[in-house]
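Student: First, the structure itself, so that you have it in front of you.
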Amino acid sequence: MYKLLSQLSIWLIGVCLAVTAPVTLAQQTELNVSLLPSDNGVLFVLRNDSKDTLSVLRWETPLESELTQDVFDVASNSYVNRARYSGRLIKRGKPEPQDYIRIKAGESVSAVVPLAEYYQIADDGLYSVSFNGEFEVHAQASNKSIRSTGTASEVVSISSRSVDVQLVSVPERAFARVGGYNSCSADQQAQLPADLNASEVITRDARLALTNLPVDERATSPRYLQWFGQYSAARYSTVLDIYRKAEQVMADGSIQFNCNCDDQVFAFVFPIDPFKVYLCNLYWSAPQNGTDSRAGTILHELSHFPEVGDTDDNAYGAVSVASLARTDPVKAVNNADSIEYFAENTPFRAISNGVSTPAPTVQYSALQLGSPVSQSVSESDSVYYQVSGADYVELTTLDGDADLYVYSSAARDNELCQSSTTGSTDRCEVSSASTVYIAVVGYASSRYRVVAGRNATSINSEVLVLGDAQTRSVAANQSQYFTVTGANSVEITSSVGDVDLYIYSDESRNDSVEICSSRNNSDDSVVDSCEVGGGTVYVRVYGFTDTQYVIRASAPAADPVVQTETGGSGGSSGGGKFSLWFAMVLSMLLMVRRRKLMLSLRELGAVK
């Protein structure tokens, strides 16, 4: 019997350990890869089949703008030898937040991978292709401690089924190199190879974007239409040819940089003297990447040479260049700034209205409805936000010049609104039923204020009854609204997840009428509460994560009952008066009795 109990105890302990053991990321992570044939390569699709939002490091995966790791098995169907990888292998530092891409549960990201660009294809023909690589994955936990403890991470190995793809060999790629320097300092000579490499990257990406875009999508390409205007096959071919030739010049080492220029311009060339590029003051103060960058300037100047594109300067600046594309596509494809801005692609525009390489991952800061955020943005840089449930987004430029862009997805491949007025205020109307993604772009270095809000008439607000506890649930990044009259306090208790509580004195629910907020409460607290002091107040519950909660509005505590000596007859008041009268009478009787007793004792000589 004892032995049986011991075995049963051991079994129960094992079951308890199994139940209480933490679930590892490997058990939670369910990433799946599929491949589809594409033009001289494959369409790579990565799907998140887990229940969590996952952050995946792009490095050494097809989700980078350029393949930097041998992660595909490419073998001809006519022989078993595997094609040799010929792309870059890179030594890196620590990843930054922008090096990750977030994939929500059930969603996918995809990228077109031109395999012939990265693998040595000996003979044109049918090849069997499969993926075999690793991903560094961070899973977003669903509890409140995620804000303070970070995320779990793991390297996950994934393979795919093979797919047959028709591949055509391409010339082996040579990387950009500087041909020479003239009047350039040691620091400038140290910087220029990196600038040329950055220029080569955006030039190559532009060429691949145009090459891989299906013919039936070219007439509607958002990125092409923005910078080159109405599509024609001949003009499309002209643009593509410019990027091909520019990339080849960079790889040939033909470029010579001359730094002997003190003019307040970016750069210049003499088209009859290839391939000398004169760099001036604005070049050295420009960012390496982004709008009007050093990388873009080099491409701009190369396009002027007849050997590359023989372009002119028909329009300068993003606004004028976009206008030129709409009004004169012939001049647009022959304009150096158009060639530059298409390649820089800032702010990001998708090359296709369909599936395409995702936009670079950025860190989105959450906007809270009705709460303005003041910040600054550098020239040619962008700051990103997201908000749910808003009816509008408004940008006020305090100094400088900032523009507002709003998108329907985090990939920024569907622009809902672009507001780039010359005034101080830009405004976009959006749908309160969805989450929108916002880019504040610095046309010049700027200070600004951005706010997202709801129109008062669009808020569906529920009335809270004093003393009644209401159970509700709210999704992450969503808000719920209540009104209550006569409450002394409003309290939320979270059973699952994390919410914040906001109380306002006016139905506009903006920060100027905020009475109380619990946003700074401890992450470990499950209770959020605000003292409100009566009257009608307007409540917002914001889901930091998916949350189940109980909300309760409490009335002021009742005043205690005080017994008084005055008032109407009867009841407790009358009883009090009778008790007092009785005590006075009894006291008088006792005094009379005591006096009689004292007189009797004197007569007997007992007291002096």
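By order in the structure tokens, chains are A, B, ...; within a chain, residues start at 1; ligands start at 1, following the order shown.
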Give me every helix (DSSP H, G or I) residue in region 396-514 of chain A, going by DSSP on the backbone, as a list of chain:residue names.

Tutor: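 Matching residues for helix (DSSP H, G or I) in region 396-514 of chain A are A:Ala456, A:Thr457, A:Ser458, A:Asp511, A:Ser512, A:Val513.
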
Student: Please save N, CA, C and O atoms of the selected residues as a PDB file, in the first residue's frame.

Tutor:
ATOM      1  N   ALA A 456     -16.669  64.188 -31.612  1.00  0.00           N
ATOM      2  CA  ALA A 456     -17.520  63.917 -30.449  1.00  0.00           C
ATOM      3  C   ALA A 456     -18.754  63.112 -30.823  1.00  0.00           C
ATOM      4  O   ALA A 456     -19.199  62.240 -30.077  1.00  0.00           O
ATOM      5  N   THR A 457     -19.320  63.366 -31.984  1.00  0.00           N
ATOM      6  CA  THR A 457     -20.560  62.689 -32.375  1.00  0.00           C
ATOM      7  C   THR A 457     -20.327  61.233 -32.748  1.00  0.00           C
ATOM      8  O   THR A 457     -21.274  60.466 -32.849  1.00  0.00           O
ATOM      9  N   SER A 458     -19.063  60.838 -32.952  1.00  0.00           N
ATOM     10  CA  SER A 458     -18.809  59.467 -33.415  1.00  0.00           C
ATOM     11  C   SER A 458     -18.510  58.501 -32.288  1.00  0.00           C
ATOM     12  O   SER A 458     -18.365  57.309 -32.519  1.00  0.00           O
ATOM     13  N   ASP A 511      -6.586  66.260 -24.025  1.00  0.00           N
ATOM     14  CA  ASP A 511      -5.739  66.381 -22.844  1.00  0.00           C
ATOM     15  C   ASP A 511      -6.011  67.641 -22.041  1.00  0.00           C
ATOM     16  O   ASP A 511      -5.716  67.704 -20.851  1.00  0.00           O
ATOM     17  N   SER A 512      -6.606  68.680 -22.650  1.00  0.00           N
ATOM     18  CA  SER A 512      -6.868  69.917 -21.923  1.00  0.00           C
ATOM     19  C   SER A 512      -7.978  69.760 -20.892  1.00  0.00           C
ATOM     20  O   SER A 512      -8.098  70.579 -19.974  1.00  0.00           O
ATOM     21  N   VAL A 513      -8.813  68.723 -21.031  1.00  0.00           N
ATOM     22  CA  VAL A 513      -9.908  68.504 -20.074  1.00  0.00           C
ATOM     23  C   VAL A 513      -9.712  67.204 -19.310  1.00  0.00           C
ATOM     24  O   VAL A 513     -10.648  66.663 -18.735  1.00  0.00           O
TER      25      VAL A 513
END

Student: Check region 156-336 of chain A with DSSP on the backbone and list each residue it calls strand (DSSP E or B), as a short mmCIF file (atom, residue, chain, number, x, y, z; two decimals) with C-alpha atoms, in the first residue's frame.

Tutor:
data_model
loop_
_atom_site.label_atom_id
_atom_site.label_comp_id
_atom_site.auth_asym_id
_atom_site.auth_seq_id
_atom_site.Cartn_x
_atom_site.Cartn_y
_atom_site.Cartn_z
CA VAL A 156 14.31 28.83 -35.05
CA SER A 157 15.35 26.61 -37.96
CA ILE A 158 12.80 26.32 -40.78
CA SER A 159 12.73 24.42 -44.06
CA VAL A 163 9.40 24.30 -55.94
CA ASP A 164 10.44 24.18 -59.60
CA VAL A 165 11.60 27.54 -60.97
CA GLN A 166 12.84 28.58 -64.39
CA LEU A 167 16.19 30.39 -63.89
CA GLY A 180 40.22 57.87 -57.43
CA TYR A 181 40.22 61.08 -55.34
CA ASN A 182 41.18 64.67 -56.04
CA GLN A 256 36.57 59.78 -59.48
CA PHE A 257 35.56 62.11 -56.67
CA ASN A 258 36.78 65.72 -56.60
CA ALA A 267 27.48 68.34 -56.36
CA PHE A 268 28.01 68.83 -60.09
CA LYS A 276 34.23 62.79 -62.45
CA VAL A 277 31.88 63.91 -59.68
CA TYR A 278 32.55 67.21 -57.87
CA LEU A 279 31.29 67.21 -54.26
CA ASP A 312 18.64 66.96 -67.36
CA ASN A 335 15.03 64.17 -64.85
#

Student: Could you list, as a list of chain:residue names, every residue within 7 Å of Phe348 (chain A), counting only C-alpha atoms and ignoring same-chain residues fewer than 2 positions away?

Tutor: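 In the requested form, the answer reads A:Asn345, A:Thr346, A:Ala350, A:Ala359, A:Arg412.
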
Student: Set the distance at 12 Å and use only C-alpha atoms: which residues neighbour Val496 (chain A) once local chain neighbours fewer than 3 positions away are removed? I'd like the list as a tab-separated table (two decimals) with N, CA and C atoms, in the first residue's frame.

Tutor:
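Below is the file that was written, part-v5.tsv:
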chain	number	residue	atom	x	y	z
A	142	SER	N	1.68	37.95	-23.41
A	142	SER	CA	0.38	38.58	-23.25
A	142	SER	C	0.14	39.05	-21.82
A	143	ASN	N	1.20	39.12	-20.98
A	143	ASN	CA	0.99	39.59	-19.63
A	143	ASN	C	1.54	41.00	-19.44
A	144	LYS	N	1.28	41.57	-18.29
A	144	LYS	CA	1.63	42.97	-18.07
A	144	LYS	C	3.12	43.18	-17.88
A	145	SER	N	3.86	42.16	-17.44
A	145	SER	CA	5.28	42.34	-17.14
A	145	SER	C	6.13	42.48	-18.39
A	471	THR	N	-18.54	43.97	-16.37
A	471	THR	CA	-17.42	43.19	-16.92
A	471	THR	C	-17.33	43.45	-18.42
A	472	ARG	N	-16.14	43.79	-18.88
A	472	ARG	CA	-15.92	44.12	-20.29
A	472	ARG	C	-14.59	43.55	-20.75
A	473	SER	N	-14.36	43.57	-22.05
A	473	SER	CA	-13.06	43.21	-22.63
A	473	SER	C	-12.74	44.22	-23.72
A	474	VAL	N	-11.44	44.53	-23.87
A	474	VAL	CA	-10.99	45.49	-24.87
A	474	VAL	C	-9.74	44.94	-25.54
A	475	ALA	N	-9.63	45.13	-26.84
A	475	ALA	CA	-8.48	44.64	-27.60
A	475	ALA	C	-7.30	45.60	-27.44
A	476	ALA	N	-6.11	45.10	-27.70
A	476	ALA	CA	-4.90	45.92	-27.64
A	476	ALA	C	-5.02	47.10	-28.60
A	492	ILE	N	-11.01	50.31	-12.12
A	492	ILE	CA	-10.95	49.17	-13.04
A	492	ILE	C	-10.07	48.10	-12.41
A	493	THR	N	-10.56	46.88	-12.44
A	493	THR	CA	-9.76	45.73	-12.00
A	493	THR	C	-9.56	44.81	-13.19
A	499	VAL	N	-4.80	47.50	-18.94
A	499	VAL	CA	-5.52	48.66	-19.47
A	499	VAL	C	-5.09	49.91	-18.73
A	524	ASP	N	2.63	46.15	-12.33
A	524	ASP	CA	2.25	44.96	-11.57
A	524	ASP	C	0.89	45.11	-10.91
A	525	SER	N	0.30	46.31	-10.92
A	525	SER	CA	-0.98	46.52	-10.30
A	525	SER	C	-2.10	46.11	-11.23
A	526	VAL	N	-3.11	45.42	-10.68
A	526	VAL	CA	-4.26	45.02	-11.50
A	526	VAL	C	-5.41	46.00	-11.33
A	527	VAL	N	-5.22	47.02	-10.49
A	527	VAL	CA	-6.27	47.99	-10.21
A	527	VAL	C	-5.84	49.36	-10.70
A	543	GLY	N	-6.84	49.80	-24.07
A	543	GLY	CA	-6.20	48.49	-23.93
A	543	GLY	C	-4.74	48.54	-24.33
A	544	PHE	N	-3.84	48.49	-23.34
A	544	PHE	CA	-2.41	48.37	-23.68
A	544	PHE	C	-2.15	46.99	-24.29
A	545	THR	N	-2.85	45.98	-23.78
A	545	THR	CA	-2.87	44.64	-24.37
A	545	THR	C	-4.32	44.20	-24.43
A	546	ASP	N	-4.60	43.03	-25.03
A	546	ASP	CA	-5.94	42.45	-24.95
A	546	ASP	C	-6.28	42.23	-23.48
A	547	THR	N	-7.39	42.75	-23.03
A	547	THR	CA	-7.66	42.78	-21.59
A	547	THR	C	-9.12	42.46	-21.28
A	548	GLN	N	-9.33	41.70	-20.19
A	548	GLN	CA	-10.64	41.54	-19.57
A	548	GLN	C	-10.61	42.32	-18.27
A	549	TYR	N	-11.67	43.08	-18.00
A	549	TYR	CA	-11.64	43.93	-16.82
A	549	TYR	C	-13.05	44.12	-16.27
A	550	VAL	N	-13.10	44.62	-15.03
A	550	VAL	CA	-14.35	44.99	-14.37
A	550	VAL	C	-14.26	46.47	-14.03

Student: Which of these residues is nearest to Asp70 (chain A), using only C-alpha atoms: A:Gln264, A:Ser50, A:Asn132, A:Asn212?

Tutor: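 Of all the options, A:Asn132 lies closest to Asp70 (chain A).
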
Student: Can you pull out the residues contacting Val155 (chain A)? Cut-off 7 Å, using only C-alpha atoms, and skip same-chain residues under 4 positions away; I want them as a list in words.

Tutor: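 Non-adjacent residues within range: Glu134, Phe135, Glu136 and Val137 of chain A.
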
Student: Selected residues, C-alpha atoms, written as a compact mmCIF listing (two decimals), in the first residue's frame, please.

Tutor:
# COMPACT_ATOMS: atom_id res chain seq x y z
CA GLU A 134 17.20 30.25 -39.38
CA PHE A 135 15.24 33.10 -37.82
CA GLU A 136 15.87 34.93 -34.57
CA VAL A 137 12.39 35.33 -33.12

Student: Using only C-alpha atoms, which residue out of A:Gly389, A:Pro37, A:Pro329, A:Gly533 lies closest to Ala553 (chain A)?

Tutor: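 Smallest distance to Ala553 (chain A) is found for A:Gly533.
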
Student: Please build the interface table for region 148-214 of chain A against region 113-124 of chain A with a cut-off of 7 Å, listing for each qualifying residue the nearest atom pair and the distance in Å to one decimal; count only C-alpha atoms, order rows by chain and increasing number, and write it as JSON lines.

Tutor:
{"residue": "A:Leu167", "atom": "CA", "partner": "A:Asp124", "partner_atom": "CA", "distance": 5.8}
{"residue": "A:Val168", "atom": "CA", "partner": "A:Asp124", "partner_atom": "CA", "distance": 4.6}
{"residue": "A:Ser169", "atom": "CA", "partner": "A:Ile121", "partner_atom": "CA", "distance": 4.9}
{"residue": "A:Val170", "atom": "CA", "partner": "A:Ala116", "partner_atom": "CA", "distance": 6.2}

Student: Hey, what's within 9 Å of Arg552 (chain A) if we count only C-alpha atoms and toss same-chain stuff fewer than 2 positions away? As a list in words, please?

Tutor: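 The residues satisfying every condition are Leu464, Val465, Leu466, Gly467, Asp468, Ala469, Gln470, Ser489, Val490, Glu491, Ile492, Thr493, Val550 and Ser554 of chain A.
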
Student: Residues of region 272-314 of chain A that have any atom at most 8 Å from an atom of region 222-246 of chain A: could you tabulate them with the shortest-distance atom pair and the distance in Å to one decimal, using only C-alpha atoms, ordered by chain and increasing number, as JSON lines?

Tutor:
{"residue": "A:Leu299", "atom": "CA", "partner": "A:Ala246", "partner_atom": "CA", "distance": 7.1}
{"residue": "A:Leu302", "atom": "CA", "partner": "A:Ala246", "partner_atom": "CA", "distance": 6.5}
{"residue": "A:Ser303", "atom": "CA", "partner": "A:Ile242", "partner_atom": "CA", "distance": 6.8}
{"residue": "A:Glu307", "atom": "CA", "partner": "A:Lys245", "partner_atom": "CA", "distance": 7.6}
{"residue": "A:Val308", "atom": "CA", "partner": "A:Lys245", "partner_atom": "CA", "distance": 5.2}
{"residue": "A:Gly309", "atom": "CA", "partner": "A:Ile242", "partner_atom": "CA", "distance": 5.2}

Student: Taking only C-alpha atoms into account, which of A:His300, A:Arg449, A:Arg540, A:Lys94 comes nearest Asn334 (chain A)?

Tutor: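 Answer, going by the shortest atom-to-atom distance: A:His300.
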
Student: Just the number, please: distance in Å from CA of Asp263 (chain A) to CA of Asn281 (chain A), one decimal.

Tutor: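 That distance, rounded to one decimal, is 6.0 Å.
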
Student: Go through A:Gly125, A:Gly370, A:Gly535, A:Gly253 one by one, measure the shortest atom-to-atom distance of each to Val178 (chain A) using only C-alpha atoms, and give the residue with the smallest value.

Tutor: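 When distances to Val178 (chain A) are compared using only C-alpha atoms, the smallest one comes from A:Gly253.
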
Student: CA of Gln386 (chain A) and CA of Ser371 (chain A) are how many Å apart?

Tutor: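 Computing it gives 13.0 Å between the two atoms.
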